[in-house]
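Taking it in order: structure first as structure tokens, then the write-up.
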Amino acid sequence: MSSDTPETPRLTSSYPVTPARPPNRSRAPVRSSFGGASSRRASPASLSALRAGSTKEPSSSPPPSKISPVQVQPINDQKEPWIPLNVLDAPTQRLYAIAIFGALQAYKLYDLSRLYADDGEITMVWFYMKWWLLDVGFFWYLPSFRIPWLRFSPTVSLYCILSVLVLNTALPHLSTAPFFSLLAGVWKLLYDRELSISERRVKWGDIIHNDTHIMGKYTVHILPEGVAKLNPEGHCFCLGPSSPTVTLPIKINGTQPINIQLTRIDLEGAATDTINLSQKEIKKLISKAAREETPGLRYLPYTVKQPGLYRLMKVRDVSELDVRVHSSHALVVACPKATIKTAPNAKKDVCMNDMSNLSVQLEGLAPLSVTYSRVIRGKPTTLSVGRIHPENYDSPLLSGFSIDAHLTENDNEDLTSWAKRETLSVPLNDSMTSTGDWLYEIDQVTDGCGNLVDYKAHQEEGDTWLPKFSGLGHKLVVHDRPVVRFDGCDPQNPLALPRGRQAALPLRLDGQGADAPYRLKFDFTPSDQLGSSAEHSANPQVKEFTLKSPSDYQWIKEPGLYSIRKASSSYCSGDVLEPASCLVITPPEPSVTMEHDEILDKCTKSSIGLNLDLTLVGSPPFTLQYREIKDNQPPVVKTIRIDRTRHQVRFTPEEDGHYTYEFFSLSDKNYNTIKIDSLAHRIEQTVKPIAGAHFINLSGRKTACIDEPVEFDVKMQGAAPLTLHYDLIHGGRRTRISDKNITEQIYTIKTPPLSNGGDYSLALTSVEDQNGCKVFLESEAKIKVRFQRPKAQFSPVEGKMSVRALEGKEVKIPLRLTGEGPWFVKVRNIDRDETPTEFKFENPNSALVATQVGTYQIESVRDSGCPGNVLKAPFDKFTVTTIERPKARLPPSGAITVKDDIFIRKPVCEGDEDSVELAFMGQPPFTVDYERTYRPEGTSKRQLDKVQDKLTAGLSTASVRLETSKAGLYEYRFYRLSDGLYDDPRDHNMQSPIVLQQTVNSKPSTAFLNPSKVYKYCLDSAPQEDSIIPIQLVGTPPFALTIHIKHYSTGKKDVIHLPNIDSNHHDFKIPPHALTLGDHSVSIHKVRDGRGCTRRTDDGPHVTVAVADMPTISAADQRTDYCVGERIAFTLAGLPPFAVEYKWNGEIMLATNQPSSFVRVAERPGNFTITGLQDSASDCKVGVDIRRTIHEVPSVRISEGTSVVKGIPEGSDQAEIKFRFYGTPPFTFTYTRSAIAKKGQKPRVLESHSRTAEDYYYSMFASQEGTYEVTSIEDRYCSYPASNGRKS
């Protein structure tokens, strides 16, 4: 062979060769992540050589100067393993890696079993965190070692990590039984092996499912006549931006074409082009065609780039004959297109109730249909418009006729009239009836032959309305129109604008703040140009204002008539509502005129005051300020508030003197603090007031004590000296009193002592001045005189003027008071010789808080206004004494002794009930706090266990339960006592604690020295030395034992008593009468030691005693002839495990450690004989002679075990099928004829037949298409698959 001749290329699926360590290789770079190697780039020559897929055989001749284009140059880019291969070879490294992974999984199963045990040692969270970390770490760092074949890529490592994470998460949630059943099933599936007769483990499934017993099949094909068709499904195709090419399927069935001729008719000009496909082009199409399940069927993918009507005209096959061509065509048009068009100079922002003025422009094969979405304020609506075509348009697509039928009938005469591309426009004129965003978006467009372009499928994820292709969407922002009017102002209700000030026009503007600013245009006529009808002049002024928001103010300074002419926002013109005009006027400033006249005394004819009459001009309410000056004293500013235009004021000073009144300021509704001429508005007068008197500081009725006088202050006025006359009225009687020569302005009236209780009235009747002028008065005061003085007394408790209290506790002594509170009571403890202490009480039924014992006495009492009296003995004194504290003790008992102030109770056994009585003195219920100290038996004094406890007793005695659950010394220390009265937790109420001790002796225990040993006996044989059962006893001798022997077969239980065992070890021999054939359980029921303590062990440890009989063997099936793959089973009777001796084809075999059944698989033909049997109960061997014969399973071969496919012409030939058999004649076999199924489908059985052959050869002829296979074979002894009740 020449050196440049390439050798046969190797398959890519061949097993990889373990890479060797190349010489002089530098250390590989550190991996980047997941063990992936750092990126490398091969040269173009290397890549082309690798794609060539061939290698050169080495030659001894010198290498050529240039490398052949087909020669592969190996790329030396493999990194060296982390452990060099000369230290540890690759297979060993892989073995170690797999062993580590297997050990981790075994450890995981151990943790899983602990998790299922629920013993608290491991939690589910700990299991997750531990095994997630270990498994992820293993697969993370494994590629770092760069072990050959285990250099996982980052993707593979990630898949492995995700797999173990999912497995670790699911494992704890699987129940124990199903999980281990699943493991057992997987183990059985992977390692399904059983013992064969030759004592080797074999896979039973491989023996019975041996496909070599039936081999070969024969397939007959009926060859059909070849046909060709273009576009067999009759689809319509389109070309567009997203699909620049279209693949037309050409169906070829039953033939091998070498020439194909097609024609293309242009849809616009009706020009016809002829297309001829050469044999080379056809081969390329065949290589691209997908393999069909039907033999001989191909769909050739022919690609076109131009629209038109394509027809398949002629097909010629390899025999130079024309293939029958079905009438077919393929219509390829331009894909439909839709765009949204706007009017010229259209804006994005529109106003409410405007028209949208949009249109959809469509291009494609008519009739067209379009679906678009209209989204108004986030709420979408889908709309569709269909059957869109030009006027006077006639097309088979409109009438619903088939294109195939129309083209067949009319050929290509009217093709350009209905198949050409049309451009149409559909208006979208919607009235914008709501504000917000209006979004229009084209969803899809469909042409006349069903080509659909779905623009929604091309939108990017996250887009709200803008499509991927331009012109498919349009957004309009609809704004509200502003509405404006005057609020609270019109020509009938003008707006007042004070002179020199500015005011805000009361505009009410309804609009959206986002549409600001707002522009308002007004007509304005000044007030001096208004006519009598308050209308605008012929040429009013035009004012324009701009508001930044609907709540903005527009300030004005000129009065006149304002009328709104026009309103608009940034986007829309607005509406003007009524009232649209506002009259602004300037009100006059306020003014006042006044008149006055003097008020004269009738007696002296002197002035005592004046009346002032005011007339005001302006807008009420008014505020008038003036200064009052008396006898050149500093002025006093006073204010008069008036709510009408006429008002009268009366000035009547109480003191005589010269008075001046100056009015200097006036305000009304519109103007504040208008100055007026104080000289022009000045009034003076000299006043001499008349005599008068009235009570001062008089607030309601005055309360007085009985037999005491009452005083009142009276304000006097007039020329002194004055004489005051007043009456004291009580009980319908009036007493007149007169006081003369009064010169003080404040005079005090003092009544005589009021000796009667009840209501009094003191009335001022008249007063006279020095001129003798008498003035009658109307002032009166009320007096309430109390009928009694206040009193105080102690109240008895339960009929006694004494009480017993707890030591150190406060006592509330009931106190009864009469009168009007608050009361002030002085109390003294006469037993302690102390000064009286005054207490204040608010309630008539109060209590005196006493903190000390003794006798308390009331010294005096007074209430809010009067002194009182203290009731005489015994109600003036109260005695307080104390109650004794509770006590506790242990009553004398024969079971308790006293040593060093410690009570010692007699010992008891562990677990026995015991208690002690406590006696109490005091008030029930009683509560005792005590501390229980426990020291285990045999430990030091420092090893203590303290427990706090509490006991509550409702009577004078109580029982304390003593703890006996554990052996040791118990000490009870009772340190605190409380009863129904003394229950403060801070008080112990015990001078010294009560201490009680008791010793609890432990119970004896027993144990078998060999609990796991099975003691064996042979039936009717003497006991052997190893049949003695040793027992260990713990406790104080002597012991007494009760032993139970239970028979498993009958359930009977024998009881054996063993008294007076003087040591801690005993050898127990079972009496012969207690043993029968079978298994027995020996257990210790009860043990008692020398201290009288007893322990029962009903569920304690036990040992097993087996009494066996001679073993026997019996066959599960009485047949003597078996087939290969069947199980030969026997039942063994005796004590397992057994030893079975047998011969297999003359060789003696021994099967040991057998259970109660002996089963072997016959893996090959031969003779099988059982010769002996022995069990574990005795050393006796039983001799037997059981013989079986194993036969081979029959086999069949079709066409010597090969698969034959033969094609025959339809109705003109037959195929011969030959069978060959192996086994023992005669043979009976069953064959089937199945339909030739497509790839991936199960073949359907058409018919089934059975035949019998007396020899080893058989033949038959077939003329029907299908696959012929044998399904079963049977000879004289065996069958495959198993039949006639045999198991193989």
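Just so we're on the same page: first chain in the structure tokens is A, next is B, and so on; residues restart at 1 for each chain, and ligands are numbered from 1 in the order they show up.
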
Residue list (strand (DSSP E), DSSP) for range 713-941 of chain A, as number ranges by chain:
A: 713-717, 722-730, 733-742, 746-750, 758-768, 774-776, 780-785, 791-794, 802-806, 811-818, 823-829, 837-841, 845-850, 854-862, 869-870, 877-883, 887-889, 896-899, 902-909, 915-921, 926-936

Extract, using only C-alpha atoms, all DNA, RNA and protein residues at most 8 Å from Glu684 in chain A, discarding same-chain residues fewer than 3 positions from it, and format them as an mmCIF file with all heavy atoms, in the first residue's frame.
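The resulting file, selection_11.cif, is shown below:
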```cif
data_model
loop_
_atom_site.group_PDB
_atom_site.id
_atom_site.type_symbol
_atom_site.label_atom_id
_atom_site.label_comp_id
_atom_site.auth_asym_id
_atom_site.auth_seq_id
_atom_site.Cartn_x
_atom_site.Cartn_y
_atom_site.Cartn_z
ATOM 1 N N HIS A 658 -65.477 114.473 86.024
ATOM 2 C CA HIS A 658 -65.595 115.035 84.679
ATOM 3 C C HIS A 658 -65.122 113.979 83.678
ATOM 4 O O HIS A 658 -63.978 113.506 83.735
ATOM 5 C CB HIS A 658 -64.746 116.298 84.563
ATOM 6 C CG HIS A 658 -64.871 116.955 83.222
ATOM 7 N ND1 HIS A 658 -65.991 117.707 82.852
ATOM 8 C CD2 HIS A 658 -64.015 116.993 82.154
ATOM 9 C CE1 HIS A 658 -65.824 118.145 81.625
ATOM 10 N NE2 HIS A 658 -64.620 117.732 81.182
ATOM 11 N N TYR A 659 -66.002 113.610 82.734
ATOM 12 C CA TYR A 659 -65.721 112.541 81.762
ATOM 13 C C TYR A 659 -65.670 113.130 80.361
ATOM 14 O O TYR A 659 -66.503 113.990 79.998
ATOM 15 C CB TYR A 659 -66.802 111.465 81.810
ATOM 16 C CG TYR A 659 -66.763 110.620 83.070
ATOM 17 C CD1 TYR A 659 -67.422 111.037 84.236
ATOM 18 C CD2 TYR A 659 -66.085 109.417 83.087
ATOM 19 C CE1 TYR A 659 -67.384 110.276 85.386
ATOM 20 C CE2 TYR A 659 -66.050 108.642 84.249
ATOM 21 C CZ TYR A 659 -66.694 109.070 85.389
ATOM 22 O OH TYR A 659 -66.676 108.285 86.519
ATOM 23 N N THR A 660 -64.663 112.660 79.559
ATOM 24 C CA THR A 660 -64.509 113.045 78.151
ATOM 25 C C THR A 660 -64.460 111.772 77.300
ATOM 26 O O THR A 660 -63.691 110.834 77.604
ATOM 27 C CB THR A 660 -63.225 113.863 77.934
ATOM 28 O OG1 THR A 660 -63.251 115.018 78.782
ATOM 29 C CG2 THR A 660 -63.090 114.283 76.483
ATOM 30 N N TYR A 661 -65.237 111.748 76.161
ATOM 31 C CA TYR A 661 -65.286 110.594 75.246
ATOM 32 C C TYR A 661 -64.822 111.069 73.879
ATOM 33 O O TYR A 661 -65.454 111.961 73.270
ATOM 34 C CB TYR A 661 -66.693 110.024 75.154
ATOM 35 C CG TYR A 661 -67.281 109.603 76.493
ATOM 36 C CD1 TYR A 661 -68.117 110.477 77.217
ATOM 37 C CD2 TYR A 661 -67.003 108.350 77.016
ATOM 38 C CE1 TYR A 661 -68.655 110.100 78.435
ATOM 39 C CE2 TYR A 661 -67.532 107.966 78.257
ATOM 40 C CZ TYR A 661 -68.355 108.844 78.956
ATOM 41 O OH TYR A 661 -68.878 108.465 80.162
#
```

Among range 242-335 of chain A, which ones does DSSP assign to helix (DSSP H, G or I) (computed from the backbone)? Answer as JSON, numbers by chain.
{"A": [279, 280, 281, 282, 283, 284, 285, 286, 287, 288]}

Go ahead and dump the residues you just picked, N, CA, C and O atoms, as a compact mmCIF listing (two decimals), in the first residue's frame.
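The resulting selection_3.txt:
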```
# COMPACT_ATOMS: atom_id res chain seq x y z
N GLN A 279 -29.51 15.94 -12.55
CA GLN A 279 -29.36 14.78 -11.66
C GLN A 279 -28.54 15.15 -10.43
O GLN A 279 -28.83 14.67 -9.33
N LYS A 280 -27.54 16.01 -10.60
CA LYS A 280 -26.72 16.41 -9.44
C LYS A 280 -27.56 17.19 -8.43
O LYS A 280 -27.47 17.00 -7.22
N GLU A 281 -28.39 18.10 -8.94
CA GLU A 281 -29.25 18.87 -8.04
C GLU A 281 -30.27 17.97 -7.36
O GLU A 281 -30.61 18.16 -6.17
N ILE A 282 -30.78 16.98 -8.09
CA ILE A 282 -31.76 16.06 -7.49
C ILE A 282 -31.11 15.24 -6.38
O ILE A 282 -31.73 14.97 -5.34
N LYS A 283 -29.85 14.81 -6.59
CA LYS A 283 -29.17 14.05 -5.53
C LYS A 283 -29.02 14.90 -4.26
O LYS A 283 -29.16 14.40 -3.14
N LYS A 284 -28.72 16.21 -4.42
CA LYS A 284 -28.64 17.07 -3.25
C LYS A 284 -29.98 17.17 -2.54
O LYS A 284 -30.06 17.17 -1.30
N LEU A 285 -31.07 17.25 -3.33
CA LEU A 285 -32.40 17.32 -2.70
C LEU A 285 -32.72 16.02 -1.97
O LEU A 285 -33.33 16.03 -0.88
N ILE A 286 -32.35 14.90 -2.56
CA ILE A 286 -32.61 13.61 -1.91
C ILE A 286 -31.82 13.49 -0.61
O ILE A 286 -32.31 12.97 0.40
N SER A 287 -30.57 13.98 -0.62
CA SER A 287 -29.77 13.92 0.62
C SER A 287 -30.36 14.81 1.71
O SER A 287 -30.22 14.52 2.91
N LYS A 288 -31.02 15.89 1.32
CA LYS A 288 -31.64 16.78 2.31
C LYS A 288 -32.99 16.26 2.78
O LYS A 288 -33.48 16.67 3.84
```

If we count only C-alpha atoms, what is near Pro790 in chain A at a cut-off of 9 Å, once residues fewer than 4 positions away on the same chain are taken out, given as a list in words?
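So, after excluding close chain neighbours, the residues are Leu817, Thr818, Gly819, Glu820, Trp823, Val861, Arg862, Asp863, Cys866, Pro867, Gly868, Asn869 and Val870 of chain A.
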
Kindly save the residues from that selection, with N, CA, C and O atoms included, as a PDB file, in the first residue's frame.
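Saved to again_3.pdb:
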```pdb
ATOM      1  N   LEU A 817     -68.589  59.791 109.731  1.00  0.00           N
ATOM      2  CA  LEU A 817     -68.567  61.244 109.842  1.00  0.00           C
ATOM      3  C   LEU A 817     -69.868  61.814 109.323  1.00  0.00           C
ATOM      4  O   LEU A 817     -70.448  61.305 108.355  1.00  0.00           O
ATOM      5  N   THR A 818     -70.315  62.900 109.970  1.00  0.00           N
ATOM      6  CA  THR A 818     -71.493  63.630 109.501  1.00  0.00           C
ATOM      7  C   THR A 818     -71.112  65.080 109.307  1.00  0.00           C
ATOM      8  O   THR A 818     -70.223  65.608 109.980  1.00  0.00           O
ATOM      9  N   GLY A 819     -71.788  65.746 108.394  1.00  0.00           N
ATOM     10  CA  GLY A 819     -71.481  67.127 108.058  1.00  0.00           C
ATOM     11  C   GLY A 819     -71.163  67.226 106.581  1.00  0.00           C
ATOM     12  O   GLY A 819     -71.633  66.421 105.760  1.00  0.00           O
ATOM     13  N   GLU A 820     -70.401  68.248 106.200  1.00  0.00           N
ATOM     14  CA  GLU A 820     -70.027  68.488 104.824  1.00  0.00           C
ATOM     15  C   GLU A 820     -68.505  68.428 104.695  1.00  0.00           C
ATOM     16  O   GLU A 820     -67.787  69.149 105.397  1.00  0.00           O
ATOM     17  N   TRP A 823     -63.407  66.459 106.030  1.00  0.00           N
ATOM     18  CA  TRP A 823     -63.364  66.479 107.499  1.00  0.00           C
ATOM     19  C   TRP A 823     -61.908  66.403 107.951  1.00  0.00           C
ATOM     20  O   TRP A 823     -61.071  65.743 107.320  1.00  0.00           O
ATOM     21  N   VAL A 861     -63.015  66.996 115.830  1.00  0.00           N
ATOM     22  CA  VAL A 861     -63.416  66.885 114.431  1.00  0.00           C
ATOM     23  C   VAL A 861     -63.928  68.238 113.970  1.00  0.00           C
ATOM     24  O   VAL A 861     -64.514  68.997 114.746  1.00  0.00           O
ATOM     25  N   ARG A 862     -63.686  68.558 112.694  1.00  0.00           N
ATOM     26  CA  ARG A 862     -64.268  69.727 112.029  1.00  0.00           C
ATOM     27  C   ARG A 862     -64.409  69.401 110.552  1.00  0.00           C
ATOM     28  O   ARG A 862     -63.646  68.610 110.004  1.00  0.00           O
ATOM     29  N   ASP A 863     -65.431  70.035 109.947  1.00  0.00           N
ATOM     30  CA  ASP A 863     -65.637  69.761 108.522  1.00  0.00           C
ATOM     31  C   ASP A 863     -65.192  70.970 107.719  1.00  0.00           C
ATOM     32  O   ASP A 863     -64.385  71.776 108.187  1.00  0.00           O
ATOM     33  N   CYS A 866     -67.399  74.090 109.696  1.00  0.00           N
ATOM     34  CA  CYS A 866     -67.819  74.209 111.079  1.00  0.00           C
ATOM     35  C   CYS A 866     -67.072  73.237 111.968  1.00  0.00           C
ATOM     36  O   CYS A 866     -66.754  72.120 111.541  1.00  0.00           O
ATOM     37  N   PRO A 867     -66.797  73.634 113.226  1.00  0.00           N
ATOM     38  CA  PRO A 867     -66.257  72.670 114.185  1.00  0.00           C
ATOM     39  C   PRO A 867     -67.345  71.699 114.616  1.00  0.00           C
ATOM     40  O   PRO A 867     -68.536  72.013 114.546  1.00  0.00           O
ATOM     41  N   GLY A 868     -66.927  70.472 115.059  1.00  0.00           N
ATOM     42  CA  GLY A 868     -67.910  69.443 115.383  1.00  0.00           C
ATOM     43  C   GLY A 868     -67.704  68.834 116.735  1.00  0.00           C
ATOM     44  O   GLY A 868     -66.853  69.255 117.523  1.00  0.00           O
ATOM     45  N   ASN A 869     -68.469  67.735 116.986  1.00  0.00           N
ATOM     46  CA  ASN A 869     -68.451  67.030 118.258  1.00  0.00           C
ATOM     47  C   ASN A 869     -68.055  65.589 118.041  1.00  0.00           C
ATOM     48  O   ASN A 869     -68.324  65.003 116.986  1.00  0.00           O
ATOM     49  N   VAL A 870     -67.432  64.963 119.076  1.00  0.00           N
ATOM     50  CA  VAL A 870     -67.058  63.551 119.059  1.00  0.00           C
ATOM     51  C   VAL A 870     -68.028  62.799 119.944  1.00  0.00           C
ATOM     52  O   VAL A 870     -68.287  63.214 121.093  1.00  0.00           O
TER      53      VAL A 870
END
```

So how many Å separate CA of Ile883 in chain A and CA of Thr957 in chain A, to one decimal?
20.8 Å
